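Q: Got a structure here, written out as structure tokens. Questions coming.
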Amino acid sequence: MNATRFLLTVCALGAATGAGAQDTLSLGALQAAAVQRDPRAVQPELLRAASAQRLTTLDMERRPQLAFNGSASHQSDVTQIALKLPGASVPTPPKDRWQATLDLQQVVYDGGSIAARQSVERARLAESSAAVDAALYRLRGEVNGAFFSAYLLQERTREFDALLGDLEARLQLARARVVNGAALPRDTSAIVAEQLRAVLARDEAVSARRASIAVLERLTGRTIAEPSVFALPALALEVARSRDEGRVEALRARPEFAQFARTRERLEREAALTHVENRPRVLAFGQAGLGRPGLNQFRTDPDEFWQAGLRIEWRPWTWRSADRASESLRLQQRIVTTEERALADQLARAVESDLADMQRLQQALVSDARLVALRVDIERQARAQFTEGAITGAEYVETRTDVVEANLTLQRHRAELAQAEARYLTTLGLAPRSLQP
């Protein structure tokens with residue numbers, strides 16, 4: 001008995017100590033914290049930086065390109081002119097040859113190839129960023145599960161705290177009646193037994209709540225104090241608004257749909273690039289160097305030289321390789337479209353159970369509220385009868401336990417309804433204002 005009283009005192013002191021440090025936690029704030037804390041949250045910035053480097057590299061292709069080239073060789077034979085003239089000789093080109101040149105090349109016209117490749121690079125950046133958004137969005141489902149579990153266990157703990165407080169008051173009354181000979185010791189035994197059962201149930205709820213809090217701390221990177229209060233979100237209006245917007249299959253708010261769109265855009269630009277790459281290219285070039293021989297093949301000593309001009313590069317016939325590559329990309333676009341439709345159908349199926357659960361739980365809450373009111377009224381009468389000695393402690397404990405079970409059922413259905421609403425909105429990719437941090 002002293003151990004039970006000590007435990008109740010410790011619980012009360014712990015509650016009083018933490019009351020001033022309570023922090024109210026909302027679902028939207030925890031979802032935002034989980035997204036910000038995830039290591040992938042920095043990927044969009046890294047992707048933009050990497051893409052900017054590649055775009056700059058492509059842009060450098062428009063600028064003059066300098067190159068230094070050198071070579072040296074020995075050949076077994078050279079061109080000779082078998083002609084003898086009186087008083088003159090035709091020099092023989094040297095067999096040892098070397099040459100060092102500085103080459104300059106400038107793109108005059110590239111057929112739009114560089115611009116097309118930059119367009120593809122931007123499309124790839126948009127696609128990669130959308131993929132990161134889709135990956136981070138899935139964290140919301142994990143936060144939902146841990147949040148509503150912690151909320152339900154929080155309410156369960158509160159209910160057992162209230163039960164323990166009431167039982168302690170009834171126990172004091174029962175003891176006084178036993179001392180006065182107005183009741184049997186079994187009355188106190190029944191209350192003590194219920195106290196012990198309630199303490200065990202409360203401890204289980206506290207332990208499970210700590211586990212849910214630990215999961216949330218891992219997800220969000222935040223330290224969540226034990227007295228923190230989880231506030232149930234009000235999502236009924238958001239759900240009703242989303243259902244008024246049209247068919248579930250028509251909703252495209254999930255980030256995966258943005259990723260599909262970016263993928264199709266990237267494939268479209270890659271298809272355009274396949275045709276651009278076959279256009280003619282005009283290059284201006286210049287070369288200056290020193291060699292033996294130089295441009296004059298019959299000069300045997302080192303000679304300086306230079307040359308400049310235009311060069312055209314064009315492949316007018318590629319055996320329709322560009323057309324086949326473009327058609328392959330079009331087929332990939334169709335594959336992406338089928339994946340998008342499959343996801344829309346999957347989401348529509350996924351929310352059917354949530355819609356059914358919401359309808360069932362809304363009806364159940366009406367019955368729960370009525371049942372709680374009846375149980376409370378019965379318990380109030382039983383309390384008066386117990387005080388007057390008209391019923392035993394075991395009979396009162398039974399009515400008080402019925403109140404606890406009715407309240408727990410009500411709280412569980414409230415949490416399940418809010419969880420079904422949050423799961424419905426999360427599945428569809430909607431961002432209700434009530435969940436904004």
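Ligands are numbered from 1 in the order shown, residues from 1 within each chain, and chains are lettered A, B, ... in the order they appear in the structure tokens.
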May I have a table of the residues of stretch 83-196 of chain A lying at most 9 Å from stretch 297-307 of chain A, giving each one's closest pair of atoms and their distance in Å to one decimal, counting only C-alpha atoms, ordered by chain and ascending residue number, as a tab-separated table?

A:
```
residue	atom	partner	partner_atom	distance
A:Val90	CA	A:Phe298	CA	8.3
A:Pro91	CA	A:Phe298	CA	6.0
A:Thr92	CA	A:Phe298	CA	6.3
A:Pro93	CA	A:Phe298	CA	4.9
A:Pro94	CA	A:Thr300	CA	5.9
A:Trp98	CA	A:Pro302	CA	8.9
A:Gln99	CA	A:Pro302	CA	8.9
A:Thr101	CA	A:Trp306	CA	8.8
```

Q: Using DSSP on the backbone coordinates, identify the residues of stretch 172-357 of chain A assigned to strand (DSSP E); present them as a VMD selection string.

A: chain A and resid 229 to 230 281 to 292 303 to 313

Q: With only C-alpha atoms as the atoms that count, which of A:Arg324, A:Arg48, A:Arg414, A:Arg218 lies nearest to A:Val35?

A: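 Checking each candidate against A:Val35, we get A:Arg218 as the closest.
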
Q: For A:Ala49, which of A:Leu125, A:Leu371, A:Leu347, A:Leu428 is the closest residue, counting only C-alpha atoms?

A: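 Ranking A:Leu125, A:Leu371, A:Leu347, A:Leu428 by distance to A:Ala49, first place goes to A:Leu125.
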
Q: Can you list, as a tab-separated table (two decimals) with all heavy atoms, in the first residue's frame, every protein, DNA or RNA residue that comes within 7 Å of A:Arg262 when you count only C-alpha atoms, leaving out same-chain residues fewer than 4 positions away?

A:
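Saved as selection-v7.tsv:
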```
chain	number	residue	atom	x	y	z
A	123	ALA	N	16.70	20.45	-68.06
A	123	ALA	CA	15.61	19.50	-67.86
A	123	ALA	C	16.03	18.39	-66.90
A	123	ALA	O	15.23	17.93	-66.08
A	123	ALA	CB	15.18	18.91	-69.20
A	126	ALA	N	15.83	19.76	-63.36
A	126	ALA	CA	14.44	19.80	-62.88
A	126	ALA	C	13.95	18.40	-62.52
A	126	ALA	O	13.26	18.21	-61.51
A	126	ALA	CB	13.55	20.42	-63.95
A	127	GLU	N	14.33	17.41	-63.32
A	127	GLU	CA	13.91	16.03	-63.04
A	127	GLU	C	14.54	15.52	-61.75
A	127	GLU	O	13.87	14.91	-60.91
A	127	GLU	CB	14.30	15.14	-64.21
A	127	GLU	CG	13.91	13.67	-64.01
A	127	GLU	CD	14.44	12.78	-65.11
A	127	GLU	OE1	15.39	13.20	-65.81
A	127	GLU	OE2	13.94	11.66	-65.26
A	258	ALA	N	4.87	15.51	-60.51
A	258	ALA	CA	5.79	16.54	-61.02
A	258	ALA	C	7.05	15.89	-61.57
A	258	ALA	O	7.60	16.33	-62.59
A	258	ALA	CB	6.13	17.53	-59.91
A	266	ARG	N	12.34	16.15	-70.09
A	266	ARG	CA	13.74	15.82	-70.39
A	266	ARG	C	13.84	14.94	-71.62
A	266	ARG	O	14.70	15.15	-72.49
A	266	ARG	CB	14.34	15.14	-69.16
A	266	ARG	CG	15.85	14.92	-69.26
A	266	ARG	CD	16.18	13.49	-69.63
A	266	ARG	NE	15.63	12.56	-68.67
A	266	ARG	CZ	15.61	11.25	-68.86
A	266	ARG	NH1	16.11	10.74	-69.98
A	266	ARG	NH2	15.08	10.44	-67.96
```

Q: Measuring atom to atom with only C-alpha atoms, identify which of A:Ala169, A:Pro39, A:Ala234, A:Met60 is nearest to A:Gln419.

A: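 Nearest to A:Gln419: A:Ala234.
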
Q: Between A:Leu310, A:Ala100, A:Ala150, A:Ala420, which is the closest to A:Gly294 once you count only C-alpha atoms?

A: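 Smallest separation from A:Gly294 among the options: A:Ala100.
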
Q: For each of A:Ala135, A:Leu365, A:Ala344, A:Leu83, take the minimum atom-to-atom distance to A:Arg40, counting only C-alpha atoms, then give the residue where this is smallest.

A: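 Answer, going by the shortest atom-to-atom distance: A:Ala135.
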
Q: Applying 10 Å and only C-alpha atoms, which residues near A:Ala174 remain after dropping the ones on its own chain fewer than 6 positions away? List them as an NGL selection string.

A: :A and (168 or 180 or 182-189 or 191 or 386-387 or 389 or 392-393)

Q: Got time to write the residues from that selection, C-alpha atoms, as a compact mmCIF listing (two decimals), in the first residue's frame?

A:
```
# COMPACT_ATOMS: atom_id res chain seq x y z
CA GLU A 168 -6.79 6.79 -4.34
CA ASN A 180 -15.07 1.95 11.60
CA ALA A 182 -18.76 -0.29 8.17
CA ALA A 183 -17.10 -2.31 5.41
CA LEU A 184 -15.10 -5.48 4.88
CA PRO A 185 -11.35 -5.48 4.02
CA ARG A 186 -12.14 -6.95 0.61
CA ASP A 187 -13.45 -3.52 -0.44
CA THR A 188 -9.98 -2.05 -0.05
CA SER A 189 -8.41 -5.10 -1.69
CA ILE A 191 -9.55 -1.01 -5.11
CA PHE A 386 -20.27 3.67 -2.48
CA THR A 387 -19.91 6.73 -0.26
CA GLY A 389 -22.06 2.15 1.79
CA THR A 392 -19.02 -2.66 -2.36
CA GLY A 393 -15.65 -1.40 -3.58
```

Q: One decimal, Å: what's the distance from atom CA of A:Thr427 over to atom CA of A:Leu331, could you say?

A: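 Interatomic distance, atom CA of A:Thr427 to atom CA of A:Leu331: 28.7 Å.
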
Q: When you draw a straight line from atom CA of A:Pro44 to atom CA of A:Ala350, how long is it in Å?

A: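 These atoms are spaced 29.4 Å apart.
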
Q: Smallest atom-to-atom distance to A:Glu398: which of A:Glu268, A:Val351, A:Glu238, A:Leu163, using only C-alpha atoms?

A: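 Between A:Glu268, A:Val351, A:Glu238, A:Leu163, the residue approaching A:Glu398 most closely is A:Leu163.
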
Q: With a distance cut-off of 12 Å and only C-alpha atoms, select the neighbouring residues of A:Glu204, excluding the residue or stretch itself and same-chain residues fewer than 6 positions from it, and output the selection as a PDB file with C-alpha atoms, in the first residue's frame.

A:
```
ATOM      1  CA  LEU A 153      -0.665   6.771 -25.836  1.00  0.00           C
ATOM      2  CA  GLN A 154      -0.643  10.279 -24.364  1.00  0.00           C
ATOM      3  CA  ARG A 156      -4.261   6.686 -22.575  1.00  0.00           C
ATOM      4  CA  THR A 157      -1.738   7.823 -19.967  1.00  0.00           C
ATOM      5  CA  PHE A 160      -5.088   6.158 -16.284  1.00  0.00           C
ATOM      6  CA  ARG A 197      -3.633  -2.964 -12.828  1.00  0.00           C
ATOM      7  CA  ALA A 198      -3.995   0.714 -13.759  1.00  0.00           C
ATOM      8  CA  ARG A 210       8.615   7.068 -25.272  1.00  0.00           C
ATOM      9  CA  ALA A 211       9.315   4.705 -28.166  1.00  0.00           C
TER      10      ALA A 211
END
```

Q: Please, which residues of stretch 34-265 of chain A, numbered as in this document, come out helix (DSSP H, G or I) from DSSP, as a PyMOL selection string?

A: chain A and resi 34-37+39-60+113-137+139-179+185-220+236-244+248-250+255-265

Q: Could you tell me how far atom CA of A:Glu388 lies from atom CA of A:Val192, in Å and to one decimal?

A: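 Here the two named atoms are 19.8 Å from each other.
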
Q: Identify, on the basis of only C-alpha atoms, every residue whose closest approach to A:Val376 does not exceed 12 Å; exclude the query and any residue fewer than 5 positions from it along the same chain; express the result as a list of chain:residue names.

A: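 Here the qualifying residues turn out to be A:Ala369, A:Arg370, A:Leu371, A:Gln381, A:Ala382, A:Arg383, A:Thr399, A:Arg400, A:Thr401, A:Asp402, A:Val403, A:Val404, A:Glu405, A:Ala406, A:Asn407.
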
Q: Please produce an output containing N, CA, C and O atoms for each residue in the selection, written as a PDB file, in the first residue's frame.

A:
```pdb
ATOM      1  N   ALA A 369     -19.500   9.209 -27.792  1.00  0.00           N
ATOM      2  CA  ALA A 369     -19.828  10.326 -26.905  1.00  0.00           C
ATOM      3  C   ALA A 369     -21.052  10.010 -26.052  1.00  0.00           C
ATOM      4  O   ALA A 369     -21.091  10.329 -24.846  1.00  0.00           O
ATOM      5  N   ARG A 370     -22.037   9.392 -26.659  1.00  0.00           N
ATOM      6  CA  ARG A 370     -23.240   9.032 -25.897  1.00  0.00           C
ATOM      7  C   ARG A 370     -22.922   7.979 -24.840  1.00  0.00           C
ATOM      8  O   ARG A 370     -23.401   8.062 -23.702  1.00  0.00           O
ATOM      9  N   LEU A 371     -22.081   6.994 -25.218  1.00  0.00           N
ATOM     10  CA  LEU A 371     -21.720   5.941 -24.275  1.00  0.00           C
ATOM     11  C   LEU A 371     -20.927   6.510 -23.101  1.00  0.00           C
ATOM     12  O   LEU A 371     -21.144   6.124 -21.941  1.00  0.00           O
ATOM     13  N   GLN A 381     -23.501   7.923  -9.992  1.00  0.00           N
ATOM     14  CA  GLN A 381     -24.456   7.311  -9.065  1.00  0.00           C
ATOM     15  C   GLN A 381     -23.776   6.241  -8.200  1.00  0.00           C
ATOM     16  O   GLN A 381     -24.039   6.143  -6.991  1.00  0.00           O
ATOM     17  N   ALA A 382     -22.899   5.463  -8.836  1.00  0.00           N
ATOM     18  CA  ALA A 382     -22.204   4.412  -8.073  1.00  0.00           C
ATOM     19  C   ALA A 382     -21.285   5.027  -7.020  1.00  0.00           C
ATOM     20  O   ALA A 382     -21.136   4.479  -5.910  1.00  0.00           O
ATOM     21  N   ARG A 383     -20.677   6.168  -7.337  1.00  0.00           N
ATOM     22  CA  ARG A 383     -19.813   6.820  -6.371  1.00  0.00           C
ATOM     23  C   ARG A 383     -20.612   7.248  -5.146  1.00  0.00           C
ATOM     24  O   ARG A 383     -20.176   7.075  -3.995  1.00  0.00           O
ATOM     25  N   THR A 399     -17.730  -0.045 -12.276  1.00  0.00           N
ATOM     26  CA  THR A 399     -18.337   1.089 -12.990  1.00  0.00           C
ATOM     27  C   THR A 399     -17.285   2.131 -13.386  1.00  0.00           C
ATOM     28  O   THR A 399     -17.380   2.740 -14.459  1.00  0.00           O
ATOM     29  N   ARG A 400     -16.278   2.316 -12.528  1.00  0.00           N
ATOM     30  CA  ARG A 400     -15.231   3.285 -12.864  1.00  0.00           C
ATOM     31  C   ARG A 400     -14.379   2.784 -14.026  1.00  0.00           C
ATOM     32  O   ARG A 400     -13.968   3.560 -14.897  1.00  0.00           O
ATOM     33  N   THR A 401     -14.138   1.487 -14.077  1.00  0.00           N
ATOM     34  CA  THR A 401     -13.392   0.905 -15.190  1.00  0.00           C
ATOM     35  C   THR A 401     -14.165   1.052 -16.497  1.00  0.00           C
ATOM     36  O   THR A 401     -13.570   1.273 -17.557  1.00  0.00           O
ATOM     37  N   ASP A 402     -15.469   0.941 -16.421  1.00  0.00           N
ATOM     38  CA  ASP A 402     -16.288   1.124 -17.627  1.00  0.00           C
ATOM     39  C   ASP A 402     -16.127   2.537 -18.188  1.00  0.00           C
ATOM     40  O   ASP A 402     -16.107   2.731 -19.412  1.00  0.00           O
ATOM     41  N   VAL A 403     -16.016   3.530 -17.297  1.00  0.00           N
ATOM     42  CA  VAL A 403     -15.804   4.907 -17.754  1.00  0.00           C
ATOM     43  C   VAL A 403     -14.461   5.028 -18.471  1.00  0.00           C
ATOM     44  O   VAL A 403     -14.343   5.668 -19.526  1.00  0.00           O
ATOM     45  N   VAL A 404     -13.428   4.409 -17.873  1.00  0.00           N
ATOM     46  CA  VAL A 404     -12.094   4.452 -18.494  1.00  0.00           C
ATOM     47  C   VAL A 404     -12.131   3.830 -19.881  1.00  0.00           C
ATOM     48  O   VAL A 404     -11.601   4.382 -20.853  1.00  0.00           O
ATOM     49  N   GLU A 405     -12.725   2.654 -19.988  1.00  0.00           N
ATOM     50  CA  GLU A 405     -12.769   1.970 -21.280  1.00  0.00           C
ATOM     51  C   GLU A 405     -13.553   2.784 -22.310  1.00  0.00           C
ATOM     52  O   GLU A 405     -13.169   2.858 -23.484  1.00  0.00           O
ATOM     53  N   ALA A 406     -14.656   3.417 -21.872  1.00  0.00           N
ATOM     54  CA  ALA A 406     -15.436   4.233 -22.798  1.00  0.00           C
ATOM     55  C   ALA A 406     -14.629   5.444 -23.273  1.00  0.00           C
ATOM     56  O   ALA A 406     -14.642   5.798 -24.470  1.00  0.00           O
ATOM     57  N   ASN A 407     -13.920   6.095 -22.358  1.00  0.00           N
ATOM     58  CA  ASN A 407     -13.095   7.242 -22.737  1.00  0.00           C
ATOM     59  C   ASN A 407     -11.944   6.839 -23.650  1.00  0.00           C
ATOM     60  O   ASN A 407     -11.615   7.549 -24.607  1.00  0.00           O
TER      61      ASN A 407
END
```
